[in-house]
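Each remark here refers to the structure printed beneath this line.
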Amino acid sequence: MKAIVLLKPGSTDNLAIQEVSVPEIGPGEVLIKVKAISINPVDVKTRAGKGIYDRVYNGSELIIGWDVSGEITGSKSNIFKVGDEVFGLVNFPGIGNAYSEYVAAPETHLALKPQNITHAEAAAATLAPLTALQVFRDKGAIKRGDRVLVHAASGGVGHYAVQIAKQLGAYVIGSSSAANRYFVLSLGADEHIDYKTQTLQEATGNIDFVLDGLGVESILKSIDVTKEGGKIISIISYSNTAEVIAKAEQKHVITDTYFVHSDGADMKILANWLQSGVIKSHVSQKYKFEQMAEAHQQIESGRTIGKIVVTI
């Protein structure tokens, strides 16, 4: 089978298509013929030797990637059978081997793909919405009526976060550039903040929960508009710095970071929401398998709206 191998950490020049063996599956695993792969910032960071590279590097060339949708062609699972269409976040944070024509995946990381969405839309709806779901539930305990601020609301995690927060009954404020205002509002956001022309203190306040995907500077500004006892959770690693903690303690605001993990039960929640139309994937661009380097470069631009997907 064909796979895209990371020869060494660095630029997209280090991504090479090679012939490799089809993976073998063990008990509780399935073999997926991949139809679509979603690309995330963590893919780009890991390719460059950052992200989770140190966690997954095993002394040899790597196959990275974690978001897949496809059809089962081999099964040692009691849950899924050959012919089932499935999607999921595979082995994260570990070695996913998703940049391949075939992927071996644990049954506990997958859900059946809803029939009303494409493989591209399903692959997109893995790491990104799982992140929002897990943050809101496990870190935020978001409840009806909470004022929730979502930074980078037009991006991969952000555009699902707006939809999921609304599903949980929150009043949602989304920040993005003015160019993406109507997109963010179309997702269900109650208010939009143009981060280029508006300061948070001018635009909003009394926030119960902030989902941050930008980093330290954004968190420091968010503390000013978060009410006492409120929470700011960042999905950017190492952003809960001493400076952040000190300012948050003065305001009696809780700050922390969160790292998503593979979870089949959570994938089933997402599958039900996708089936019913509660959440939708916005796939702004699709690339062919041979265009993986271009997909990475698009993510690196920082201007991706929604998600981008590579199809096989």
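Within each chain, counting starts at residue 1; across the structure tokens, chains are named A, B, ... in the order shown, with ligands numbered 1 upward in that order.
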
- Task: Enumerate, as a PyMOL selection string, the complete set of residues in segment 32-149 of chain A that a backbone-based DSSP assignment places in helix (DSSP H, G or I).
- Result: chain A and resi 41-47+53-56+107-109+119-124+127-140

Go ahead and dump the residues you just picked, C-alpha atoms, as an mmCIF file, in the first residue's frame.
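Ended up saving to out.cif:
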data_model
loop_
_atom_site.group_PDB
_atom_site.id
_atom_site.type_symbol
_atom_site.label_atom_id
_atom_site.label_comp_id
_atom_site.auth_asym_id
_atom_site.auth_seq_id
_atom_site.Cartn_x
_atom_site.Cartn_y
_atom_site.Cartn_z
ATOM 1 C CA PRO A 41 -2.159 21.920 13.428
ATOM 2 C CA VAL A 42 -0.722 19.082 15.524
ATOM 3 C CA ASP A 43 0.103 17.235 12.283
ATOM 4 C CA VAL A 44 2.090 20.226 11.072
ATOM 5 C CA LYS A 45 3.847 20.755 14.390
ATOM 6 C CA THR A 46 4.733 17.071 14.698
ATOM 7 C CA ARG A 47 6.051 16.982 11.137
ATOM 8 C CA TYR A 53 7.023 14.313 17.821
ATOM 9 C CA ASP A 54 9.068 13.360 20.884
ATOM 10 C CA ARG A 55 6.172 11.246 22.126
ATOM 11 C CA VAL A 56 5.723 9.247 18.909
ATOM 12 C CA GLU A 107 -12.451 -0.611 17.893
ATOM 13 C CA THR A 108 -12.608 1.602 20.994
ATOM 14 C CA HIS A 109 -11.501 4.671 18.982
ATOM 15 C CA HIS A 119 -16.164 10.611 4.297
ATOM 16 C CA ALA A 120 -14.529 14.038 4.046
ATOM 17 C CA GLU A 121 -17.041 15.524 6.491
ATOM 18 C CA ALA A 122 -16.605 12.541 8.806
ATOM 19 C CA ALA A 123 -12.797 12.655 8.808
ATOM 20 C CA ALA A 124 -13.015 16.358 9.655
ATOM 21 C CA LEU A 127 -9.890 15.462 16.643
ATOM 22 C CA ALA A 128 -11.362 18.966 16.365
ATOM 23 C CA PRO A 129 -14.884 18.384 17.717
ATOM 24 C CA LEU A 130 -13.604 15.774 20.178
ATOM 25 C CA THR A 131 -11.395 18.511 21.601
ATOM 26 C CA ALA A 132 -14.322 20.892 22.058
ATOM 27 C CA LEU A 133 -16.591 18.193 23.487
ATOM 28 C CA GLN A 134 -14.019 16.950 25.985
ATOM 29 C CA VAL A 135 -12.974 20.458 27.063
ATOM 30 C CA PHE A 136 -16.538 21.672 27.596
ATOM 31 C CA ARG A 137 -17.624 18.537 29.448
ATOM 32 C CA ASP A 138 -14.519 17.491 31.364
ATOM 33 C CA LYS A 139 -12.962 20.893 32.091
ATOM 34 C CA GLY A 140 -15.814 23.341 31.797
#

- For segment 255-263 of chain A, list every protein, DNA or RNA residue within 8 Å, evaluated using only C-alpha atoms, and leave out those in the same chain fewer than 3 positions away; present the list as a VMD selection string. chain A and resid 88 to 93 108 to 110 127 130 to 131 134 to 135 231 to 240 244 to 245 248 266 to 267

Which polymer residues have any atom within 9 Å of an atom of Met1 of chain A, counting only C-alpha atoms, with same-chain residues fewer than 5 positions away left out, as a PDB file with C-alpha atoms, in the first residue's frame?
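Below is the file part.pdb, written as the result:
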ATOM      1  CA  GLN A  18       6.435   5.109  -0.192  1.00  0.00           C
ATOM      2  CA  GLU A  19       5.238   1.537  -0.582  1.00  0.00           C
ATOM      3  CA  VAL A  20       4.851  -0.125   2.822  1.00  0.00           C
ATOM      4  CA  SER A  21       3.212  -3.306   4.095  1.00  0.00           C
ATOM      5  CA  VAL A  22      -0.481  -3.348   4.889  1.00  0.00           C
ATOM      6  CA  SER A 100      -1.879   5.550   4.609  1.00  0.00           C
ATOM      7  CA  GLU A 101      -4.207   3.724   2.266  1.00  0.00           C
ATOM      8  CA  TYR A 102      -4.971   1.255   5.081  1.00  0.00           C
TER       9      TYR A 102
END

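Atom CA of Ala295 of chain A lies 22.8 Å from atom CA of His151 of chain A.
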
- Task: Please provide the set of residues having any atom within 10 Å of Lys288 of chain A, restricted to only C-alpha atoms, with same-chain residues fewer than 5 positions apart removed, written as a list in words.
- Result: Ala36, Ile37, Glu294, Ala295, Val309, Val310, Thr311 and Ile312 of chain A

Save out the residues we just selected, N, CA and C atoms, as a PDB file, in the first residue's frame.
ATOM      1  N   ALA A  36     -10.693   9.233   3.575  1.00  0.00           N
ATOM      2  CA  ALA A  36     -10.381  10.641   3.832  1.00  0.00           C
ATOM      3  C   ALA A  36      -9.578  10.773   5.114  1.00  0.00           C
ATOM      4  N   ILE A  37      -8.692  11.772   5.120  1.00  0.00           N
ATOM      5  CA  ILE A  37      -7.829  12.075   6.263  1.00  0.00           C
ATOM      6  C   ILE A  37      -7.977  13.570   6.561  1.00  0.00           C
ATOM      7  N   GLU A 294       0.936  20.326   0.275  1.00  0.00           N
ATOM      8  CA  GLU A 294       0.135  21.547   0.104  1.00  0.00           C
ATOM      9  C   GLU A 294      -0.889  21.694   1.229  1.00  0.00           C
ATOM     10  N   ALA A 295      -1.459  20.574   1.678  1.00  0.00           N
ATOM     11  CA  ALA A 295      -2.405  20.616   2.789  1.00  0.00           C
ATOM     12  C   ALA A 295      -1.716  21.127   4.052  1.00  0.00           C
ATOM     13  N   VAL A 309      -9.192  18.629   4.256  1.00  0.00           N
ATOM     14  CA  VAL A 309      -9.211  17.170   4.223  1.00  0.00           C
ATOM     15  C   VAL A 309      -8.409  16.689   3.031  1.00  0.00           C
ATOM     16  N   VAL A 310      -7.732  15.567   3.204  1.00  0.00           N
ATOM     17  CA  VAL A 310      -7.040  14.877   2.120  1.00  0.00           C
ATOM     18  C   VAL A 310      -7.830  13.628   1.792  1.00  0.00           C
ATOM     19  N   THR A 311      -8.153  13.435   0.519  1.00  0.00           N
ATOM     20  CA  THR A 311      -8.929  12.263   0.107  1.00  0.00           C
ATOM     21  C   THR A 311      -8.031  11.268  -0.618  1.00  0.00           C
ATOM     22  N   ILE A 312      -8.415  10.008  -0.505  1.00  0.00           N
ATOM     23  CA  ILE A 312      -7.670   8.916  -1.175  1.00  0.00           C
ATOM     24  C   ILE A 312      -8.624   8.212  -2.142  1.00  0.00           C
TER      25      ILE A 312
END

- What's the 9 Å shell around segment 275-279 of chain A, counting only C-alpha atoms, without same-chain residues fewer than 6 positions away, as a ChimeraX atom specification? /A:113-117,160,163-164,167,187

Would you mind exporting the chosen residues as a short mmCIF file (atom, residue, chain, number, x, y, z; two decimals), in the first residue's frame, restricted to C-alpha atoms?
data_model
loop_
_atom_site.label_atom_id
_atom_site.label_comp_id
_atom_site.auth_asym_id
_atom_site.auth_seq_id
_atom_site.Cartn_x
_atom_site.Cartn_y
_atom_site.Cartn_z
CA LYS A 113 -20.06 7.00 10.04
CA PRO A 114 -23.48 8.62 9.70
CA GLN A 115 -24.94 7.87 6.30
CA ASN A 116 -25.98 11.47 5.71
CA ILE A 117 -22.40 12.83 5.63
CA TYR A 160 -17.20 22.94 16.12
CA GLN A 163 -21.90 24.56 17.57
CA ILE A 164 -21.29 22.26 20.54
CA GLN A 167 -26.00 22.43 21.80
CA LEU A 187 -22.64 28.47 13.20
#

- Item | Counting only C-alpha atoms, the option among A:Thr304, A:Asn78, A:Asn97, A:Ser177 closest to Gly28 of chain A |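 Using only C-alpha atoms, the shortest distance to Gly28 of chain A belongs to A:Asn78.
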
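Of the residues under consideration (A:Ala104, A:Ile79, A:Leu7, A:Ala16), A:Ala104 shows the shortest atom-to-atom contact distance to Leu31 of chain A when counting only C-alpha atoms.
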
- Task: Run DSSP on the backbone and grab whatever in segment 26-131 of chain A lands in strand (DSSP E); send it over as a VMD selection string.
- Result: chain A and resid 29 to 39 67 to 75 85 to 89 102 to 106 110 to 112

Write a file of the just-selected residues containing C-alpha atoms, as a PDB file, in the first residue's frame.
ATOM      1  CA  GLU A  29      -8.836  -4.010  16.015  1.00  0.00           C
ATOM      2  CA  VAL A  30     -10.089  -3.381  12.496  1.00  0.00           C
ATOM      3  CA  LEU A  31      -8.384  -2.652   9.191  1.00  0.00           C
ATOM      4  CA  ILE A  32      -9.745   0.470   7.523  1.00  0.00           C
ATOM      5  CA  LYS A  33      -9.461   1.256   3.827  1.00  0.00           C
ATOM      6  CA  VAL A  34      -9.044   5.001   4.215  1.00  0.00           C
ATOM      7  CA  LYS A  35     -11.244   7.323   2.168  1.00  0.00           C
ATOM      8  CA  ALA A  36     -10.381  10.641   3.832  1.00  0.00           C
ATOM      9  CA  ILE A  37      -7.829  12.075   6.263  1.00  0.00           C
ATOM     10  CA  SER A  38      -8.247  15.314   8.203  1.00  0.00           C
ATOM     11  CA  ILE A  39      -5.214  17.555   8.796  1.00  0.00           C
ATOM     12  CA  ASP A  67      -8.088  11.571  11.724  1.00  0.00           C
ATOM     13  CA  VAL A  68      -9.612   8.994   9.375  1.00  0.00           C
ATOM     14  CA  SER A  69     -12.829   7.916   7.747  1.00  0.00           C
ATOM     15  CA  GLY A  70     -13.177   4.811   5.622  1.00  0.00           C
ATOM     16  CA  GLU A  71     -14.497   1.287   5.175  1.00  0.00           C
ATOM     17  CA  ILE A  72     -13.555  -1.772   7.217  1.00  0.00           C
ATOM     18  CA  THR A  73     -11.903  -4.476   5.121  1.00  0.00           C
ATOM     19  CA  GLY A  74     -10.703  -6.676   7.989  1.00  0.00           C
ATOM     20  CA  SER A  75     -12.037  -7.133  11.506  1.00  0.00           C
ATOM     21  CA  GLU A  85     -18.071   2.645   7.323  1.00  0.00           C
ATOM     22  CA  VAL A  86     -16.338   4.137  10.360  1.00  0.00           C
ATOM     23  CA  PHE A  87     -14.544   7.286  11.443  1.00  0.00           C
ATOM     24  CA  GLY A  88     -12.416   8.272  14.395  1.00  0.00           C
ATOM     25  CA  LEU A  89      -9.316   9.737  15.990  1.00  0.00           C
ATOM     26  CA  TYR A 102      -4.971   1.255   5.081  1.00  0.00           C
ATOM     27  CA  VAL A 103      -4.948   1.889   8.839  1.00  0.00           C
ATOM     28  CA  ALA A 104      -5.196  -0.539  11.756  1.00  0.00           C
ATOM     29  CA  ALA A 105      -7.384   0.985  14.465  1.00  0.00           C
ATOM     30  CA  PRO A 106      -8.700  -0.089  17.876  1.00  0.00           C
ATOM     31  CA  LEU A 110     -14.196   4.501  16.309  1.00  0.00           C
ATOM     32  CA  ALA A 111     -17.871   5.066  15.573  1.00  0.00           C
ATOM     33  CA  LEU A 112     -20.058   4.207  12.613  1.00  0.00           C
TER      34      LEU A 112
END

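Counting only C-alpha atoms and comparing A:Leu220, A:Asn40, A:Val283, A:Lys268, the residue that lies closest to Lys247 of chain A is A:Leu220.
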
Selection: 9 Å around Tyr99 of chain A, only C-alpha atoms, excl. self and same-chain fewer than 6 positions, as a short mmCIF file (atom, residue, chain, number, x, y, z; two decimals) with N, CA and C atoms, in the first residue's frame:
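Dumped to selection24.cif:
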data_model
loop_
_atom_site.label_atom_id
_atom_site.label_comp_id
_atom_site.auth_asym_id
_atom_site.auth_seq_id
_atom_site.Cartn_x
_atom_site.Cartn_y
_atom_site.Cartn_z
N LYS A 2 0.28 2.37 -0.36
CA LYS A 2 1.00 3.64 -0.32
C LYS A 2 0.79 4.31 1.04
N ALA A 3 1.85 4.92 1.51
CA ALA A 3 1.79 5.69 2.74
C ALA A 3 2.68 6.91 2.58
N ILE A 4 2.37 7.97 3.32
CA ILE A 4 3.22 9.15 3.33
C ILE A 4 4.08 9.09 4.58
N VAL A 5 5.37 8.97 4.37
CA VAL A 5 6.32 8.75 5.45
C VAL A 5 7.07 10.04 5.76
N VAL A 34 -8.83 3.58 3.94
CA VAL A 34 -9.04 5.00 4.22
C VAL A 34 -9.61 5.72 2.99
N ILE A 37 -8.69 11.77 5.12
CA ILE A 37 -7.83 12.08 6.26
C ILE A 37 -7.98 13.57 6.56
N ILE A 63 5.00 7.41 10.18
CA ILE A 63 3.78 7.74 9.45
C ILE A 63 2.90 8.46 10.47
N ILE A 64 2.67 9.75 10.24
CA ILE A 64 1.88 10.53 11.19
C ILE A 64 0.43 10.58 10.74
N GLY A 65 -0.37 11.39 11.43
CA GLY A 65 -1.79 11.52 11.11
C GLY A 65 -2.65 10.67 12.02
N TRP A 66 -3.87 11.18 12.31
CA TRP A 66 -4.74 10.51 13.28
C TRP A 66 -6.22 10.52 12.89
N VAL A 68 -9.30 9.79 10.56
CA VAL A 68 -9.61 8.99 9.37
C VAL A 68 -11.11 8.70 9.26
N PHE A 289 -4.23 12.81 -2.10
CA PHE A 289 -3.19 12.18 -1.28
C PHE A 289 -1.80 12.69 -1.67
N MET A 292 -0.36 16.18 -0.05
CA MET A 292 -0.27 16.32 1.40
C MET A 292 0.59 17.52 1.81
#
